[in-house]
file start-v2.pdb (PDB, C-alpha atoms, pLDDT in the B column)
ATOM      1  CA  MET H1018     -50.998  -4.382  21.868  1.00 59.00           C
ATOM      2  CA  ARG H1019     -51.571  -4.989  25.577  1.00 64.00           C
ATOM      3  CA  LEU H1020     -48.132  -6.548  25.898  1.00 55.00           C
ATOM      4  CA  HIS H1021     -46.583  -3.468  24.303  1.00 55.00           C
ATOM      5  CA  ALA H1022     -48.457  -1.163  26.711  1.00 53.00           C
ATOM      6  CA  ALA H1023     -47.447  -3.293  29.699  1.00 52.00           C
ATOM      7  CA  LEU H1024     -43.790  -3.272  28.646  1.00 56.00           C
ATOM      8  CA  LEU H1025     -43.854   0.483  28.138  1.00 59.00           C
ATOM      9  CA  THR H1026     -45.384   0.993  31.576  1.00 62.00           C
ATOM     10  CA  LEU H1027     -42.800  -1.254  33.255  1.00 54.00           C
ATOM     11  CA  THR H1028     -39.942   0.441  31.400  1.00 58.00           C
ATOM     12  CA  CYS H1029     -41.079   3.872  32.575  1.00 51.00           C
ATOM     13  CA  ALA H1030     -41.512   2.652  36.147  1.00 51.00           C
ATOM     14  CA  PHE H1031     -38.038   1.091  36.265  1.00 50.00           C
ATOM     15  CA  ALA H1032     -36.422   4.104  34.600  1.00 46.00           C
ATOM     16  CA  GLY H1033     -37.909   6.381  37.231  1.00 41.00           C
ATOM     17  CA  THR H1034     -36.594   4.280  40.109  1.00 40.00           C
ATOM     18  CA  ALA H1035     -33.141   3.759  38.595  1.00 45.00           C
ATOM     19  CA  ASN H1036     -32.127   7.361  39.284  1.00 43.00           C
ATOM     20  CA  ALA H1037     -34.252   7.855  42.392  1.00 45.00           C
ATOM     21  CA  GLY H1038     -31.374   7.135  44.777  1.00 52.00           C
ATOM     22  CA  THR H1039     -28.975   9.614  43.242  1.00 67.00           C
ATOM     23  CA  SER H1040     -29.108  13.155  44.524  1.00 78.00           C
ATOM     24  CA  PRO H1041     -26.436  15.825  44.837  1.00 77.00           C
ATOM     25  CA  ASP H1042     -24.439  16.052  48.024  1.00 77.00           C
ATOM     26  CA  ALA H1043     -24.181  19.276  50.042  1.00 71.00           C
ATOM     27  CA  GLN H1044     -21.586  20.664  47.617  1.00 74.00           C
ATOM     28  CA  GLY H1045     -23.675  19.941  44.511  1.00 79.00           C
ATOM     29  CA  TRP H1046     -21.621  16.923  43.387  1.00 85.00           C
ATOM     30  CA  ASN H1047     -23.755  14.267  41.707  1.00 88.00           C
ATOM     31  CA  GLY H1048     -21.226  12.177  39.814  1.00 89.00           C
ATOM     32  CA  PRO H1049     -19.131  12.724  36.688  1.00 92.00           C
ATOM     33  CA  GLY H1050     -20.402  15.042  33.988  1.00 92.00           C
ATOM     34  CA  TRP H1051     -20.410  18.592  32.683  1.00 92.00           C
ATOM     35  CA  TYR H1052     -20.807  21.208  35.424  1.00 89.00           C
ATOM     36  CA  VAL H1053     -21.169  24.974  35.316  1.00 88.00           C
ATOM     37  CA  THR H1054     -18.352  25.972  37.665  1.00 85.00           C
ATOM     38  CA  GLY H1055     -16.573  29.072  38.803  1.00 81.00           C
ATOM     39  CA  SER H1056     -13.139  29.696  37.351  1.00 72.00           C
ATOM     40  CA  ALA H1057     -10.352  27.960  39.226  1.00 62.00           C
ATOM     41  CA  PRO H1058      -7.572  30.154  40.607  1.00 59.00           C
ATOM     42  CA  PRO H1059      -4.170  29.703  38.912  1.00 59.00           C
ATOM     43  CA  THR H1060      -2.586  28.368  42.121  1.00 62.00           C
ATOM     44  CA  PRO H1061      -4.042  25.830  44.578  1.00 63.00           C
ATOM     45  CA  GLN H1062      -5.926  27.432  47.458  1.00 60.00           C
ATOM     46  CA  PRO H1063      -6.216  26.322  51.101  1.00 59.00           C
ATOM     47  CA  VAL H1064      -9.056  23.924  51.880  1.00 54.00           C
ATOM     48  CA  ALA H1065     -11.072  26.806  53.347  1.00 56.00           C
ATOM     49  CA  GLU H1066     -11.094  28.430  49.885  1.00 58.00           C
ATOM     50  CA  PRO H1067     -12.516  26.022  47.285  1.00 56.00           C
ATOM     51  CA  ASP H1068     -10.881  25.275  43.957  1.00 65.00           C
ATOM     52  CA  TYR H1069     -14.239  25.237  42.170  1.00 73.00           C
ATOM     53  CA  ILE H1070     -17.690  26.554  42.872  1.00 78.00           C
ATOM     54  CA  LEU H1071     -20.275  24.163  41.434  1.00 83.00           C
ATOM     55  CA  PHE H1072     -23.144  26.287  40.173  1.00 85.00           C
ATOM     56  CA  GLU H1073     -25.135  23.598  38.383  1.00 86.00           C
ATOM     57  CA  GLY H1074     -24.841  20.089  36.914  1.00 89.00           C
ATOM     58  CA  PRO H1075     -24.060  17.445  35.939  1.00 92.00           C
ATOM     59  CA  HIS H1076     -25.053  17.397  32.288  1.00 93.00           C
ATOM     60  CA  THR H1077     -24.334  14.438  30.030  1.00 93.00           C
ATOM     61  CA  LEU H1078     -23.606  16.635  27.021  1.00 95.00           C
ATOM     62  CA  ARG H1079     -21.394  19.695  26.764  1.00 93.00           C
ATOM     63  CA  ALA H1080     -24.065  21.399  24.645  1.00 94.00           C
ATOM     64  CA  GLU H1081     -26.587  21.096  27.516  1.00 94.00           C
ATOM     65  CA  CYS H1082     -24.081  22.623  29.906  1.00 93.00           C
ATOM     66  CA  LEU H1083     -23.334  25.494  27.515  1.00 92.00           C
ATOM     67  CA  ALA H1084     -27.036  26.167  26.950  1.00 92.00           C
ATOM     68  CA  THR H1085     -27.619  26.431  30.708  1.00 90.00           C
ATOM     69  CA  TYR H1086     -24.524  28.584  31.122  1.00 89.00           C
ATOM     70  CA  ASP H1087     -25.565  30.941  28.313  1.00 90.00           C
ATOM     71  CA  ARG H1088     -29.129  31.201  29.624  1.00 89.00           C
ATOM     72  CA  ILE H1089     -28.410  31.672  33.335  1.00 86.00           C
ATOM     73  CA  TYR H1090     -24.763  32.056  34.369  1.00 82.00           C
ATOM     74  CA  SER H1091     -22.973  33.997  31.617  1.00 80.00           C
ATOM     75  CA  PRO H1092     -20.455  35.711  32.038  1.00 80.00           C
ATOM     76  CA  ILE H1093     -19.382  34.102  35.338  1.00 80.00           C
ATOM     77  CA  GLY H1094     -17.784  30.667  35.413  1.00 81.00           C
ATOM     78  CA  ILE H1095     -17.304  28.077  32.683  1.00 86.00           C
ATOM     79  CA  CYS H1096     -18.542  24.626  31.653  1.00 90.00           C
ATOM     80  CA  ARG H1097     -16.082  21.995  32.796  1.00 88.00           C
ATOM     81  CA  PHE H1098     -16.107  18.172  32.622  1.00 91.00           C
ATOM     82  CA  LEU H1099     -15.366  16.701  36.053  1.00 88.00           C
ATOM     83  CA  ASN H1100     -14.539  13.014  36.514  1.00 88.00           C
ATOM     84  CA  GLU H1101     -14.305  13.263  40.283  1.00 84.00           C
ATOM     85  CA  LYS H1102     -15.428  15.655  42.972  1.00 81.00           C
ATOM     86  CA  PRO H1103     -13.030  18.596  43.262  1.00 75.00           C
ATOM     87  CA  PRO H1104     -11.503  18.983  46.721  1.00 72.00           C
ATOM     88  CA  GLY H1105     -13.017  21.843  48.652  1.00 65.00           C
ATOM     89  CA  SER H1106     -15.847  22.452  46.173  1.00 62.00           C
ATOM     90  CA  ILE H1107     -18.946  24.314  47.291  1.00 61.00           C
ATOM     91  CA  LEU H1108     -22.381  24.838  45.762  1.00 57.00           C
ATOM     92  CA  ARG H1109     -23.765  28.278  44.979  1.00 58.00           C
ATOM     93  CA  GLU H1110     -27.461  28.691  44.262  1.00 54.00           C
TER      94      GLU H1110
END

call {"tool": "encode", "arguments": {"input": "start-v2.pdb", "output": "structure tokens"}}
result
Amino acid sequence: MRLHAALLTLTCAFAGTANAGTSPDAQGWNGPGWYVTGSAPPTPQPVAEPDYILFEGPHTLRAECLATYDRIYSPIGICRFLNEKPPGSILRE
């Protein structure tokens, strides 16, 4: 029983430190995942005008992204899976 408790404690401690170094950059990018973003314009914009506005994310599941979107951001923007940081993206809070 003590071994089980010790293993559980160590697992929680290591899980907490595994993601401690990851935090969003100034534009809200925090790696691949589902983001609530603004709609992209049909044609590419100059660098001064971003392609996407990152409102919130990333989520591992699309359902999580949609739940957040429905609760907070509807009807602006959409949930979009991003593999890499969009050029010229900005964060809106």

call {"tool": "atom_distance", "arguments": {"input": "start-v2.pdb", "atom1": "CA of Asn1100 in chain H", "atom2": "CA of Gly1048 in chain H"}}
result
7.5 Å

call {"tool": "closest_residue", "arguments": {"input": "start-v2.pdb", "among": "H:Tyr1090, H:Ile1095, H:Gly1045, H:Ala1084", "to": "Leu1071 in chain H", "atoms": "all atoms listed in the file"}}
result
H:Gly1045

call {"tool": "residues_around", "arguments": {"input": "start-v2.pdb", "residues": "Gly1094 in chain H", "least_positions_apart": "3", "cutoff": "8 Å", "atoms": "all atoms listed in the file", "output": "list of chain:residue names"}}
result
H:Val1053, H:Thr1054, H:Gly1055, H:Ser1056, H:Tyr1090, H:Ser1091

call {"tool": "closest_residue", "arguments": {"input": "start-v2.pdb", "among": "H:Ser1040, H:Cys1082, H:Cys1096, H:Ile1089", "to": "Tyr1069 in chain H", "atoms": "all atoms listed in the file"}}
result
H:Cys1096

call {"tool": "atom_distance", "arguments": {"input": "start-v2.pdb", "atom1": "CA of Pro1041 in chain H", "atom2": "CA of Pro1092 in chain H"}}
result
24.4 Å

call {"tool": "resolve_selection", "arguments": {"input": "start-v2.pdb", "expression": "the PyMOL selection byres ((chain H and resi 1076) around 12)", "output": "short mmCIF file (atom, residue, chain, number, x, y, z; two decimals) with C-alpha atoms, in the frame of the given file"}}
result
data_model
loop_
_atom_site.label_atom_id
_atom_site.label_comp_id
_atom_site.auth_asym_id
_atom_site.auth_seq_id
_atom_site.Cartn_x
_atom_site.Cartn_y
_atom_site.Cartn_z
CA TRP H 1046 -21.62 16.92 43.39
CA ASN H 1047 -23.76 14.27 41.71
CA GLY H 1048 -21.23 12.18 39.81
CA PRO H 1049 -19.13 12.72 36.69
CA GLY H 1050 -20.40 15.04 33.99
CA TRP H 1051 -20.41 18.59 32.68
CA TYR H 1052 -20.81 21.21 35.42
CA VAL H 1053 -21.17 24.97 35.32
CA GLU H 1073 -25.14 23.60 38.38
CA GLY H 1074 -24.84 20.09 36.91
CA PRO H 1075 -24.06 17.44 35.94
CA THR H 1077 -24.33 14.44 30.03
CA LEU H 1078 -23.61 16.64 27.02
CA ARG H 1079 -21.39 19.70 26.76
CA ALA H 1080 -24.06 21.40 24.64
CA GLU H 1081 -26.59 21.10 27.52
CA CYS H 1082 -24.08 22.62 29.91
CA LEU H 1083 -23.33 25.49 27.52
CA ALA H 1084 -27.04 26.17 26.95
CA THR H 1085 -27.62 26.43 30.71
CA TYR H 1086 -24.52 28.58 31.12
CA CYS H 1096 -18.54 24.63 31.65
CA ARG H 1097 -16.08 22.00 32.80
CA PHE H 1098 -16.11 18.17 32.62
CA LEU H 1099 -15.37 16.70 36.05
#
